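Enquirer: You'll find model_35.txt just under this line, and it carries compact mmCIF, C-alpha atoms and all ligand atoms.
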```
# COMPACT_ATOMS: atom_id res chain seq x y z
CA MET A 8 72.74 39.42 -42.29
CA PRO A 9 74.89 36.45 -41.42
CA LYS A 10 74.76 35.15 -37.89
CA GLN A 11 77.32 36.49 -35.56
CA THR A 12 80.02 34.18 -34.42
CA PRO A 13 81.15 34.45 -30.82
CA ALA A 14 84.50 36.06 -30.58
CA SER A 15 85.71 33.29 -28.32
CA PRO A 16 84.42 30.46 -26.10
CA SER A 17 84.80 32.81 -23.20
CA ALA A 18 81.67 34.60 -24.40
CA GLY A 19 79.87 32.33 -21.92
CA ALA A 20 76.12 31.65 -22.25
CA ASP A 21 75.99 33.23 -25.63
CA ALA A 22 78.38 30.63 -26.98
CA ALA A 23 75.73 27.90 -27.38
CA SER A 24 73.34 29.98 -29.44
CA PRO A 25 72.30 31.06 -31.87
CA CYS A 26 72.75 28.05 -34.03
CA ASP A 27 71.81 26.99 -37.48
CA ALA A 28 68.39 25.28 -37.41
CA THR A 29 69.10 23.49 -40.66
CA THR A 30 71.76 21.28 -39.13
CA ALA A 31 71.00 18.03 -37.39
CA GLU A 32 73.03 19.04 -34.39
CA CYS A 33 70.92 22.05 -33.68
CA PRO A 34 69.90 22.06 -29.98
CA LEU A 35 66.87 24.34 -30.53
CA PRO A 36 64.06 23.19 -28.18
CA LYS A 37 61.16 21.30 -29.77
CA VAL A 38 57.73 22.13 -28.41
CA TRP A 39 54.67 19.89 -28.57
CA VAL A 40 51.55 21.77 -29.68
CA TRP A 41 48.02 20.33 -29.85
CA ASP A 42 46.11 20.94 -33.06
CA PRO A 43 42.48 22.13 -33.17
CA PRO A 44 39.97 20.86 -32.11
CA HIS A 45 42.12 19.21 -29.45
CA THR A 46 42.96 22.59 -27.98
CA GLY A 47 39.48 23.44 -26.72
CA ALA A 48 36.98 22.03 -24.23
CA ARG A 49 34.59 19.53 -25.80
CA VAL A 50 31.99 16.94 -24.97
CA ARG A 51 32.09 13.42 -26.34
CA PHE A 52 29.12 11.10 -26.77
CA VAL A 53 30.88 7.88 -25.88
CA ASN A 54 27.94 5.51 -26.30
CA LEU A 55 27.20 6.24 -29.96
CA PRO A 56 28.85 4.69 -33.00
CA HIS A 57 31.91 6.66 -34.07
CA ASP A 58 30.93 6.57 -37.72
CA TRP A 59 27.71 8.53 -37.12
CA ASP A 60 29.66 11.63 -36.16
CA PRO A 61 33.43 11.05 -35.94
CA ALA A 62 34.08 14.50 -34.48
CA ASN A 63 31.79 13.91 -31.51
CA ASN A 64 30.95 10.23 -31.10
CA GLY A 65 32.67 7.20 -29.66
CA ALA A 66 34.91 6.35 -26.74
CA ASP A 67 38.10 6.49 -28.83
CA VAL A 68 39.38 9.99 -29.56
CA GLU A 69 42.35 10.43 -31.86
CA MET A 70 44.32 13.33 -30.42
CA VAL A 71 46.59 15.12 -32.90
CA GLY A 72 49.36 17.65 -32.50
CA HIS A 73 52.81 18.48 -33.81
CA VAL A 74 56.22 19.62 -32.71
CA GLU A 75 57.53 23.05 -33.49
CA PRO A 76 59.72 23.46 -35.35
CA ARG A 77 58.02 20.85 -37.52
CA VAL A 78 60.53 18.03 -37.71
CA ALA A 79 60.03 14.31 -38.07
CA GLY A 80 61.64 11.81 -35.75
CA GLU A 81 61.10 13.75 -32.55
CA SER A 82 60.11 11.73 -29.50
CA VAL A 83 56.96 12.87 -27.67
CA THR A 84 55.72 11.53 -24.34
CA PHE A 85 52.03 11.54 -23.43
CA ASN A 86 50.31 11.40 -20.08
CA LEU A 87 46.68 11.13 -19.05
CA ILE A 88 45.26 13.94 -16.91
CA GLY A 89 42.04 13.12 -15.09
CA HIS A 90 40.12 15.93 -13.43
CA PRO A 91 40.56 15.81 -9.63
CA ASP A 92 36.77 15.70 -9.19
CA ASN A 93 36.36 12.58 -11.33
CA TYR A 94 34.40 9.87 -9.49
CA LEU A 95 34.73 6.71 -11.48
CA GLU A 96 33.96 3.49 -9.55
CA GLY A 97 36.82 1.60 -11.13
CA GLN A 98 36.52 3.04 -14.61
CA THR A 99 39.30 5.06 -16.16
CA ALA A 100 40.55 6.44 -19.43
CA ALA A 101 43.55 5.03 -21.30
CA LEU A 102 46.10 6.09 -23.89
CA SER A 103 47.08 3.91 -26.83
CA THR A 104 50.74 4.63 -26.14
CA THR A 105 52.85 6.82 -23.92
CA THR A 106 55.55 7.61 -26.46
CA ILE A 107 55.48 8.34 -30.17
CA THR A 108 57.91 9.60 -32.76
CA THR A 109 56.73 12.45 -34.90
CA GLY A 110 56.15 11.82 -38.59
CA ALA A 111 56.06 14.11 -41.60
CA ASN A 112 55.66 17.78 -40.72
CA GLY A 113 56.30 16.94 -37.08
CA VAL A 114 52.80 15.51 -36.66
CA GLY A 115 52.04 12.99 -33.90
CA LYS A 116 48.90 11.18 -32.76
CA VAL A 117 47.71 9.26 -29.75
CA THR A 118 44.31 7.64 -29.12
CA LEU A 119 42.52 8.53 -25.91
CA THR A 120 39.95 5.90 -24.88
CA LEU A 121 37.33 7.42 -22.63
CA PRO A 122 35.47 5.48 -19.94
CA ALA A 123 31.69 5.15 -20.00
CA TYR A 124 31.43 7.28 -16.88
CA GLY A 125 29.21 10.26 -17.61
CA GLY A 126 30.63 13.60 -16.52
CA SER A 127 34.22 12.44 -16.14
CA ARG A 128 36.70 14.93 -17.55
CA TRP A 129 40.01 14.24 -19.23
CA LYS A 130 42.98 15.94 -20.83
CA VAL A 131 46.12 14.57 -22.43
CA GLY A 132 49.54 16.02 -21.77
CA GLY A 133 52.24 15.95 -24.47
CA ARG A 134 55.87 16.92 -24.08
CA THR A 135 59.18 16.65 -25.83
CA ALA A 136 62.43 15.99 -24.02
CA THR A 137 63.22 19.67 -23.85
CA MET A 138 59.89 20.86 -22.44
CA ALA A 139 59.72 21.59 -18.73
CA ALA A 140 56.05 20.57 -18.51
CA PRO A 141 53.54 18.87 -20.81
CA ALA A 142 51.31 20.89 -23.10
CA GLN A 143 47.75 20.07 -22.04
CA SER A 144 45.02 19.35 -24.53
CA GLY A 145 41.55 20.82 -24.16
CA GLU A 146 39.32 19.06 -21.67
CA ILE A 147 36.94 16.36 -22.90
CA THR A 148 33.81 15.64 -20.86
CA VAL A 149 32.09 12.27 -21.22
CA TRP A 150 28.45 12.48 -22.27
CA ARG A 151 25.97 10.01 -23.65
CA LYS A 152 23.24 10.69 -26.15
CA VAL A 153 19.90 9.09 -26.93
CA PHE A 154 17.31 10.07 -29.51
CA TYR A 155 13.57 10.60 -29.35
CA GLN A 156 10.48 10.68 -31.47
CA VAL A 157 7.22 12.13 -30.19
CA THR A 158 4.03 10.46 -31.37
CA ASP A 159 0.91 12.50 -30.68
CA MET A 160 -2.44 10.77 -30.44
CA ASP A 161 -5.16 12.29 -32.63
CA SER A 162 -7.79 14.35 -30.84
CA SER A 163 -10.82 12.63 -29.35
CA PRO A 164 -13.91 12.54 -31.61
CA ALA A 165 -16.35 15.43 -31.87
CA PRO A 166 -17.94 17.00 -30.01
CA GLU A 167 -15.15 16.76 -27.45
CA ASN A 168 -12.17 17.24 -29.82
CA LEU A 169 -9.71 16.97 -26.93
CA SER A 170 -6.17 17.55 -28.13
CA LEU A 171 -3.65 14.95 -27.06
CA ALA A 172 -0.67 16.74 -28.58
CA HIS A 173 2.42 17.03 -26.39
CA PRO A 174 3.24 20.36 -24.72
CA SER A 175 5.79 22.36 -26.71
CA ASP A 176 8.24 22.64 -23.82
CA MET A 177 8.18 18.92 -23.02
CA ILE A 178 11.66 18.08 -24.28
CA SER A 179 13.41 21.17 -22.91
CA ALA A 180 11.93 20.45 -19.50
CA LEU A 181 13.03 16.86 -19.85
CA GLN A 182 16.62 17.77 -20.67
CA ALA A 183 16.93 19.63 -17.36
CA ALA A 184 16.58 16.30 -15.54
CA PHE A 185 19.18 14.57 -17.74
CA ASP A 186 21.87 17.27 -17.75
CA PRO A 187 22.99 16.30 -14.24
CA VAL A 188 23.57 12.70 -15.38
CA PHE A 189 25.23 13.70 -18.67
CA ILE A 190 22.68 12.27 -21.06
CA LYS A 191 21.71 14.36 -24.05
CA ILE A 192 18.17 13.90 -25.37
CA ALA A 193 18.25 14.70 -29.09
CA ALA A 194 15.62 14.66 -31.83
CA SER A 195 15.95 11.59 -33.99
CA THR A 196 16.01 11.64 -37.76
CA LYS A 197 12.32 10.84 -37.74
CA SER A 198 11.14 12.79 -34.72
CA SER A 199 7.37 13.11 -35.01
CA ALA A 200 4.32 11.06 -35.92
CA SER A 201 0.67 10.67 -35.02
CA THR A 202 -1.58 7.76 -34.17
CA PRO A 203 -5.38 7.36 -34.24
CA TYR A 204 -7.38 8.16 -31.14
CA GLN A 205 -8.04 5.44 -28.59
CA ALA A 206 -9.97 6.30 -25.45
CA HIS A 207 -8.11 3.83 -23.28
CA LEU A 208 -5.15 1.54 -23.67
CA THR A 209 -5.07 -1.77 -21.83
CA ALA A 210 -1.78 -3.59 -21.44
CA ALA A 211 -2.59 -5.68 -24.50
CA GLN A 212 -3.52 -2.59 -26.52
CA ARG A 213 -0.34 -0.82 -25.48
CA SER A 214 1.64 -3.83 -26.64
CA THR A 215 -0.17 -3.92 -29.99
CA LEU A 216 0.24 -0.19 -30.53
CA GLU A 217 3.88 -0.31 -29.56
CA SER A 218 4.56 -3.03 -32.11
CA SER A 219 2.89 -1.15 -34.96
CA LEU A 220 4.52 2.19 -34.10
CA ARG A 221 7.92 0.58 -33.75
CA THR A 222 8.02 -0.51 -37.36
CA ALA A 223 7.44 3.01 -38.64
CA ALA A 224 9.71 4.66 -36.08
CA VAL A 225 12.90 2.80 -36.95
CA ASP A 226 15.43 5.17 -38.50
CA ASP A 227 19.18 5.66 -38.81
CA ARG A 228 19.48 6.39 -35.07
CA SER A 229 18.03 3.02 -34.11
CA PRO A 230 18.42 1.31 -31.67
CA TYR A 231 19.30 4.38 -29.61
CA LYS A 232 15.84 5.80 -30.12
CA MET A 233 12.80 6.10 -27.90
CA ASN A 234 9.26 6.85 -28.93
CA ILE A 235 7.24 9.06 -26.58
CA VAL A 236 3.61 8.27 -27.30
CA MET A 237 0.95 10.64 -25.99
CA CYS A 238 -2.33 8.96 -25.09
CA ASP A 239 -5.60 9.66 -23.34
CA ARG A 240 -5.74 7.08 -20.55
CA ALA A 241 -4.09 3.78 -19.68
CA ASP A 242 -5.32 2.98 -16.23
CA ILE A 243 -3.88 0.46 -13.84
CA VAL A 244 -5.72 -2.84 -13.60
CA ALA A 245 -5.17 -5.38 -10.86
CA GLU A 246 -6.45 -8.88 -10.17
CA GLN A 247 -7.80 -10.16 -6.91
CA GLU A 248 -8.97 -13.61 -5.83
CA TRP A 249 -11.69 -13.63 -3.19
CA THR A 250 -12.17 -16.89 -1.30
CA ALA A 251 -14.80 -17.96 1.24
CA ALA A 252 -16.26 -20.96 3.01
CA ALA A 253 -19.85 -20.41 1.97
CA THR A 254 -22.82 -21.53 4.05
CA THR A 255 -25.45 -20.22 1.65
CA ALA A 256 -26.10 -20.89 -2.04
CA ASP A 257 -25.67 -17.26 -3.08
CA VAL A 258 -22.25 -15.71 -2.69
CA ALA A 259 -20.82 -12.24 -3.44
CA THR A 260 -17.42 -10.58 -3.31
CA PRO A 261 -16.84 -7.27 -1.55
CA TYR A 262 -17.32 -4.13 -3.68
CA PHE A 263 -14.38 -2.87 -5.73
CA GLN A 264 -13.61 -0.19 -8.35
CA ARG A 265 -14.97 -1.39 -11.67
CA TRP A 266 -12.50 -2.03 -14.50
CA GLY A 267 -14.43 -1.40 -17.70
CA HIS A 268 -11.84 -2.31 -20.31
CA GLU A 269 -11.66 -6.08 -20.00
CA PRO A 270 -13.98 -8.76 -18.54
CA THR A 271 -14.34 -8.38 -14.80
CA VAL A 272 -14.55 -12.07 -13.87
CA ILE A 273 -11.50 -14.24 -14.52
CA HIS A 274 -12.91 -17.30 -12.82
CA ALA A 275 -15.72 -18.10 -10.37
CA GLN A 276 -15.60 -21.62 -8.93
CA TYR A 277 -16.71 -23.83 -6.06
CA GLN A 278 -15.07 -26.92 -4.64
CA LYS A 279 -16.97 -30.15 -5.09
CA SER A 280 -17.02 -32.94 -2.50
CA ASP A 281 -14.30 -34.80 -4.40
CA GLY A 282 -12.00 -31.77 -4.01
CA SER A 283 -12.11 -30.65 -7.64
CA TRP A 284 -13.23 -27.17 -8.70
CA ALA A 285 -16.22 -26.45 -10.94
CA PRO A 286 -17.83 -23.25 -12.25
CA LEU A 287 -20.32 -21.37 -10.13
CA SER A 288 -23.61 -20.57 -11.85
CA ALA A 289 -25.46 -17.28 -12.37
CA VAL A 290 -22.19 -15.31 -12.30
CA SER A 291 -22.87 -11.59 -12.72
CA THR A 292 -21.67 -8.19 -11.64
CA GLN A 293 -23.76 -5.85 -9.57
CA ALA A 294 -23.19 -2.10 -9.35
CA HIS A 295 -23.10 -0.51 -5.93
CA ALA A 296 -26.34 1.26 -5.09
CA SER A 297 -24.71 4.62 -4.34
CA SER A 298 -20.94 4.57 -4.93
CA THR A 299 -20.22 5.42 -8.56
CA GLY A 300 -17.89 2.99 -10.26
CA GLN A 301 -18.05 0.36 -7.51
CA GLU A 302 -19.32 -3.11 -8.22
CA ARG A 303 -19.15 -6.68 -6.94
CA VAL A 304 -19.38 -10.20 -8.37
CA LYS A 305 -22.35 -12.40 -7.44
CA ALA A 306 -22.76 -16.14 -8.10
CA THR A 307 -24.65 -19.22 -7.02
CA ILE A 308 -23.34 -22.60 -5.87
CA PRO A 309 -25.06 -25.27 -8.02
CA GLY A 310 -26.91 -27.92 -6.03
CA PHE A 311 -26.13 -26.32 -2.68
CA ALA A 312 -27.32 -28.47 0.25
CA ALA A 313 -28.66 -26.52 3.20
CA GLY A 314 -26.39 -26.74 6.23
CA SER A 315 -23.27 -27.54 4.24
CA THR A 316 -20.11 -25.46 3.90
CA VAL A 317 -18.63 -25.06 0.42
CA ASN A 318 -15.31 -23.43 -0.56
CA VAL A 319 -15.65 -20.82 -3.29
CA ARG A 320 -13.12 -18.68 -5.14
CA ILE A 321 -13.79 -15.74 -7.44
CA LYS A 322 -10.98 -14.01 -9.27
CA TYR A 323 -11.72 -10.61 -10.76
CA ARG A 324 -10.15 -7.52 -12.27
CA TYR A 325 -10.50 -4.09 -10.72
CA GLN A 326 -9.05 -0.66 -11.30
CA ARG A 327 -6.20 0.00 -8.95
CA GLY A 328 -5.38 3.53 -10.11
CA ASN A 329 -4.67 6.03 -12.85
CA ALA A 330 -1.28 5.90 -14.55
CA GLY A 331 0.67 9.00 -15.51
CA GLY A 332 2.75 6.96 -17.89
CA TRP A 333 4.05 3.56 -18.84
CA GLY A 334 7.58 2.66 -19.79
CA GLY A 335 9.99 -0.17 -19.91
CA THR A 336 13.19 -1.25 -21.52
CA THR A 337 11.74 -1.41 -25.02
CA GLY A 338 12.02 2.33 -25.72
CA THR A 339 8.32 3.07 -26.18
CA LEU A 340 6.91 5.32 -23.46
CA PHE A 341 3.23 6.11 -23.06
CA MET A 342 2.27 9.41 -21.46
CA CYS A 343 -1.35 9.59 -20.29
CA ILE A 344 -2.53 13.20 -20.45
CA GLY A 345 -6.29 12.95 -21.07
CA ARG A 346 -7.40 13.48 -17.48
CA GLN A 347 -5.30 16.58 -16.88
CA ARG A 348 -6.19 18.09 -20.23
CA ARG A 349 -9.92 17.59 -19.72
CA ALA A 350 -9.62 19.44 -16.43
CA ASN A 351 -7.51 22.25 -17.95
CA ALA A 352 -6.71 22.59 -21.66
CA ALA A 353 -3.36 24.23 -20.80
CA LYS A 354 -2.29 21.18 -18.80
CA PRO A 355 -0.09 19.31 -18.45
CA THR A 356 2.83 21.68 -19.00
CA GLY A 357 6.21 20.35 -20.03
CA ALA A 358 7.44 20.78 -16.48
CA GLU A 359 4.47 18.84 -15.13
CA LEU A 360 4.95 16.09 -17.67
CA GLN A 361 8.68 15.80 -17.18
CA GLN A 362 8.35 13.98 -13.87
CA ALA A 363 6.43 11.07 -15.37
CA LEU A 364 8.52 11.14 -18.53
CA THR A 365 11.84 11.26 -16.69
CA HIS A 366 10.63 8.40 -14.51
CA GLU A 367 9.73 6.23 -17.50
CA ILE A 368 12.97 6.99 -19.31
CA GLY A 369 14.76 6.12 -16.07
CA HIS A 370 13.14 2.68 -16.29
CA ALA A 371 14.14 2.41 -19.94
CA LEU A 372 17.74 3.18 -18.93
CA GLY A 373 17.72 0.35 -16.43
CA LEU A 374 16.50 1.93 -13.21
CA VAL A 375 15.83 0.70 -10.64
CA PRO A 376 17.83 -2.45 -9.89
CA ASN A 377 15.74 -4.77 -7.82
CA ALA A 378 18.15 -5.10 -4.93
CA ALA A 379 17.16 -4.76 -1.31
CA ALA A 380 19.29 -1.67 -0.82
CA TRP A 381 17.69 0.11 -3.70
CA ARG A 382 14.07 -0.60 -4.00
CA ASP A 383 11.22 0.85 -2.08
CA THR A 384 10.63 -1.82 0.53
CA ASP A 385 7.30 -0.53 1.80
CA PRO A 386 4.89 -3.52 1.84
CA ARG A 387 2.24 -1.18 0.48
CA ASP A 388 4.05 -1.28 -2.87
CA ALA A 389 4.66 -5.02 -2.99
CA PRO A 390 1.75 -5.82 -5.34
CA TYR A 391 2.43 -2.74 -7.46
CA SER A 392 6.11 -2.87 -8.32
CA LEU A 393 9.32 -3.27 -6.44
CA LYS A 394 11.43 -1.61 -9.05
CA HIS A 395 11.39 1.87 -7.63
CA CYS A 396 13.72 4.07 -5.65
CA GLY A 397 13.03 4.26 -1.93
CA TYR A 398 15.42 7.05 -0.97
CA LYS A 399 13.90 9.57 1.36
CA THR A 400 15.06 12.65 3.16
CA ALA A 401 16.16 12.57 6.79
CA ALA A 402 13.26 14.87 7.69
CA THR A 403 10.36 13.79 9.89
CA PRO A 404 8.29 12.49 8.31
CA ALA A 405 10.75 11.35 5.65
CA GLN A 406 9.98 12.55 2.16
CA PRO A 407 10.83 10.75 -1.07
CA ARG A 408 13.65 12.50 -2.85
CA CYS A 409 13.89 10.91 -6.26
CA VAL A 410 12.02 10.92 -9.56
CA MET A 411 12.12 7.11 -9.41
CA TRP A 412 9.79 7.11 -6.39
CA PHE A 413 6.78 4.97 -7.31
CA MET A 414 4.25 7.80 -7.31
CA LEU A 415 3.90 11.11 -9.12
CA GLY A 416 3.79 14.36 -7.21
CA GLY A 417 6.00 16.78 -5.37
CA SER A 418 8.67 19.08 -6.71
CA GLY A 419 12.37 19.80 -6.32
CA ALA A 420 14.18 16.54 -5.66
CA ARG A 421 11.12 14.64 -6.87
CA LEU A 422 11.87 15.87 -10.38
CA ARG A 423 15.46 14.62 -10.43
CA PHE A 424 17.42 11.40 -10.10
CA CYS A 425 18.70 11.09 -6.53
CA SER A 426 22.43 11.74 -6.27
CA SER A 427 23.40 12.02 -2.63
CA ASP A 428 24.23 8.40 -1.82
CA ARG A 429 26.87 7.53 -4.35
CA PRO A 430 27.59 5.05 -5.69
CA ASP A 431 24.24 3.44 -4.90
CA ASP A 432 21.85 6.09 -6.05
CA CYS A 433 19.96 6.58 -9.27
CA ALA A 434 22.18 9.35 -10.69
CA HIS A 435 25.36 7.35 -10.25
CA PHE A 436 23.76 4.25 -11.72
CA LEU A 437 23.00 6.30 -14.83
CA MET A 438 26.47 7.86 -14.89
CA ARG A 439 28.42 4.62 -14.59
CA THR A 440 26.32 2.52 -16.96
CA SER A 441 27.57 2.00 -20.49
CA TYR A 442 24.83 2.73 -22.97
CA THR A 443 26.73 1.51 -26.00
CA SER A 444 24.32 -1.37 -26.49
CA LEU A 445 20.88 0.10 -25.94
CA SER A 446 18.22 -1.94 -27.68
CA TRP A 447 15.31 0.46 -27.90
CA ILE A 448 13.84 1.30 -31.26
ZN ZN B 501 7.91 3.32 -12.30
ZN ZN B 502 16.68 7.36 -6.75
```
Just give me the structure as structure tokens.
Expert:
Amino acid sequence: MPKQTPASPSAGADAASPCDATTAECPLPKVWVWDPPHTGARVRFVNLPHDWDPANNGADVEMVGHVEPRVAGESVTFNLIGHPDNYLEGQTAALSTTTITTGANGVGKVTLTLPAYGGSRWKVGGRTATMAAPAQSGEITVWRKVFYQVTDMDSSPAPENLSLAHPSDMISALQAAFDPVFIKIAASTKSSASTPYQAHLTAAQRSTLESSLRTAAVDDRSPYKMNIVMCDRADIVAEQEWTAAATTADVATPYFQRWGHEPTVIHAQYQKSDGSWAPLSAVSTQAHASSTGQERVKATIPGFAAGSTVNVRIKYRYQRGNAGGWGGTTGTLFMCIGRQRRANAAKPTGAELQQALTHEIGHALGLVPNAAAWRDTDPRDAPYSLKHCGYKTAATPAQPRCVMWFMLGGSGARLRFCSSDRPDDCAHFLMRTSYTSLSWI
């Protein structure tokens, strides 16, 4: 049926419509509509190269929609819509343009550039001149993603045959600590390997092992990849220099916990009358008569003259403690599980391991900045490491409340990155940091 024609202009509101949509003068409203997948809520891994997964990776998101009816040459205005809860510390999103003209089939595009800030949420509004309000795109939440490989150490030799394989729930437990800081832990292309048994790893052995494993671990997710290496033990060695003004020929240090993995004595010297230092003689270690694992260093001052006083110095290694894990910024993390597993074959569980693992990954992600406001300032920790989080609760006595505390143990807040002192807490450090240029494996 042909369209009706108003009988006269006096027909009022009806006079302006209907009209013929095929004519250029048609005043029919044009409506901006977002095209899938820009209509739904999504996450975006902003730190990873776009080319790896264009639909999900990269800070730049090309947002596409069209006008209906589908006509070219229509002007569309865009606006950025940040979620009211966004906490950004100076970062923000941006649009490539605020106005476009639709092309063939009424299609239009604008590029949304997301900030690095993990957890921030964004939409884009699009409207034509005749729309009362913008059409909002689906919400995009900023995430970051890193990849992992797990390297199990072979079992200890018979007859012990102690398994050093990782617990099956290790990664799922780990993810629970990284969800709150919007970092996805994903299996890498090469995600598993094994390495021969070693009873103990010194710092030098860890370095050697890391280098050899790194070569084989490199894959198409490098350098956004970490290697979680399970091991038996990698205890903590420390060095101490004992000094004395000796009045006898035979001298001895106090007893200390023996370090059996490298030579105990680093140097043992006495000061000659001309002020220079020379080696002591008869340097040896002597086990404590009753305390297992304790020993001391003994030595003799050559040519000692009775009644004289001679300066001596003996520098030695001793075991300071047992490490749960070792990490760093290189992307290789050592998890020491031998002790727990010898005590209980079902231990450690993924949940138990996640504290040490989260802590080491925290280091690998740049925690904790060595600023006075951040680090644990307890003098007790000065010789150990200053790069740990000192946040504690307000309770009496104050309790540590962060996984970046320098010791293992505890539960609840001790399993998570602290987040209650933004911006200067561990969670917000992780959320604001751009991880586009990780240089792990
Ligand atoms: Zn640490
Ligand atoms: Zn913290």
Enquirer: With 6 Å as the cut-off and all atoms listed in the file counted, what is the closest atom pair between each nearby residue of chain A and ligand ZN 502 (chain B)? Distances in Å to one decimal, ordered by chain and number, as CSV.
Expert:
```
residue,atom,partner,partner_atom,distance
A:Cys396,CA,B:ZN502,ZN,4.6
A:Tyr398,CA,B:ZN502,ZN,5.9
A:Cys409,CA,B:ZN502,ZN,4.5
A:Met411,CA,B:ZN502,ZN,5.3
A:Phe424,CA,B:ZN502,ZN,5.3
A:Cys425,CA,B:ZN502,ZN,4.2
A:Asp432,CA,B:ZN502,ZN,5.4
A:Cys433,CA,B:ZN502,ZN,4.2
```
Enquirer: Output the neighbourhood of ligand ZN 501 (chain B) as a VMD selection string, that is, all protein and nucleic acid residues with some atom at most 9 Å from the ligand, counting all atoms listed in the file.
Expert: chain A and resid 332 to 335 363 366 to 367 369 to 370 374 to 375 392 to 396 411 to 414
Enquirer: Please produce an output containing C-alpha atoms for each residue in the selection, written as a PDB file, in the coordinates of the input.
Expert:
```
ATOM      1  CA  GLY A 332       2.750   6.960 -17.890  1.00  0.00           C
ATOM      2  CA  TRP A 333       4.050   3.560 -18.840  1.00  0.00           C
ATOM      3  CA  GLY A 334       7.580   2.660 -19.790  1.00  0.00           C
ATOM      4  CA  GLY A 335       9.990  -0.170 -19.910  1.00  0.00           C
ATOM      5  CA  ALA A 363       6.430  11.070 -15.370  1.00  0.00           C
ATOM      6  CA  HIS A 366      10.630   8.400 -14.510  1.00  0.00           C
ATOM      7  CA  GLU A 367       9.730   6.230 -17.500  1.00  0.00           C
ATOM      8  CA  GLY A 369      14.760   6.120 -16.070  1.00  0.00           C
ATOM      9  CA  HIS A 370      13.140   2.680 -16.290  1.00  0.00           C
ATOM     10  CA  LEU A 374      16.500   1.930 -13.210  1.00  0.00           C
ATOM     11  CA  VAL A 375      15.830   0.700 -10.640  1.00  0.00           C
ATOM     12  CA  SER A 392       6.110  -2.870  -8.320  1.00  0.00           C
ATOM     13  CA  LEU A 393       9.320  -3.270  -6.440  1.00  0.00           C
ATOM     14  CA  LYS A 394      11.430  -1.610  -9.050  1.00  0.00           C
ATOM     15  CA  HIS A 395      11.390   1.870  -7.630  1.00  0.00           C
ATOM     16  CA  CYS A 396      13.720   4.070  -5.650  1.00  0.00           C
ATOM     17  CA  MET A 411      12.120   7.110  -9.410  1.00  0.00           C
ATOM     18  CA  TRP A 412       9.790   7.110  -6.390  1.00  0.00           C
ATOM     19  CA  PHE A 413       6.780   4.970  -7.310  1.00  0.00           C
ATOM     20  CA  MET A 414       4.250   7.800  -7.310  1.00  0.00           C
TER      21      MET A 414
END
```
Enquirer: Separation of atom CA of Val225 of chain A and atom CA of His57 of chain A, in Å?
Expert: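 Atom CA of His57 of chain A lies at a distance of 19.6 Å from atom CA of Val225 of chain A.
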Enquirer: Extract, using all atoms listed in the file, all DNA, RNA and protein residues at most 10 Å from segment 268-283 of chain A, discarding same-chain residues fewer than 2 positions from it, and format them as a VMD selection string.
Expert: chain A and resid 207 to 209 241 to 242 244 246 to 253 265 to 266 285 to 292 302 to 309 317 to 326
Enquirer: Hey, which of A:Lys37, A:Arg77, A:Ala139, A:Glu146 ends up closest to His90 of chain A? Count all atoms listed in the file.
Expert: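 Among A:Lys37, A:Arg77, A:Ala139, A:Glu146, it is A:Glu146 that comes nearest to His90 of chain A.
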Enquirer: For a quick check of understanding, using all atoms listed in the file, which of A:Tyr94, A:Phe189, A:Phe85, A:Tyr262 has the smallest distance to Ala294 of chain A?
Expert: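 Going through A:Tyr94, A:Phe189, A:Phe85, A:Tyr262 one by one, the smallest distance to Ala294 of chain A is for A:Tyr262.
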Enquirer: Between A:Arg240, A:Lys130, A:Lys197, A:Arg213, which is the closest to Asp227 of chain A once you count only C-alpha atoms?
Expert: A:Lys197
Enquirer: Out of A:Ala123, A:Val83, A:Ala183, A:Ala165, which residue has the shortest atom-to-atom distance to Gly419 of chain A when counting all atoms listed in the file?
Expert: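 Of all the options, A:Ala183 lies closest to Gly419 of chain A.
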Enquirer: Segment 64-68 of chain A: which residues within 12 Å, counting only C-alpha atoms, same-chain residues fewer than 2 positions away excluded, as a PyMOL selection string?
Expert: chain A and resi 44-45+49-62+70-71+99-103+116-125+129-131+147-153+441-443
Enquirer: From the list A:Arg128, A:Trp39, A:Ala142, A:Gly397, which residue is nearest Thr109 of chain A when using all atoms listed in the file?
Expert: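 Among the listed residues, the smallest separation from Thr109 of chain A belongs to A:Trp39.
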Enquirer: Atom CA of Leu181 of chain A and atom CA of Arg429 of chain A are how many Å apart?
Expert: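 One can read the atom CA of Leu181 of chain A to atom CA of Arg429 of chain A distance as 22.8 Å.
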Enquirer: Give the answer as one residue: which of A:Thr202, A:Thr339, A:Ser426, A:Ser444 has the shortest atom-to-atom distance to Pro187 of chain A, using all atoms listed in the file?
Expert: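 Residue with the minimum atom-to-atom distance to Pro187 of chain A: A:Ser426.
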Enquirer: Can you measure atom CA of Thr108 of chain A to atom CA of Leu35 of chain A for me? One decimal in Å is fine.
Expert: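 These two atoms are separated by 17.4 Å.
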Enquirer: Which residues come within 12 Å of Gln182 of chain A, counting all atoms listed in the file, excluding same-chain residues fewer than 2 positions away, as a ChimeraX atom specification?
Expert: /A:152-155,176-180,184-194,357-358,361-362,364-365,368,422-423
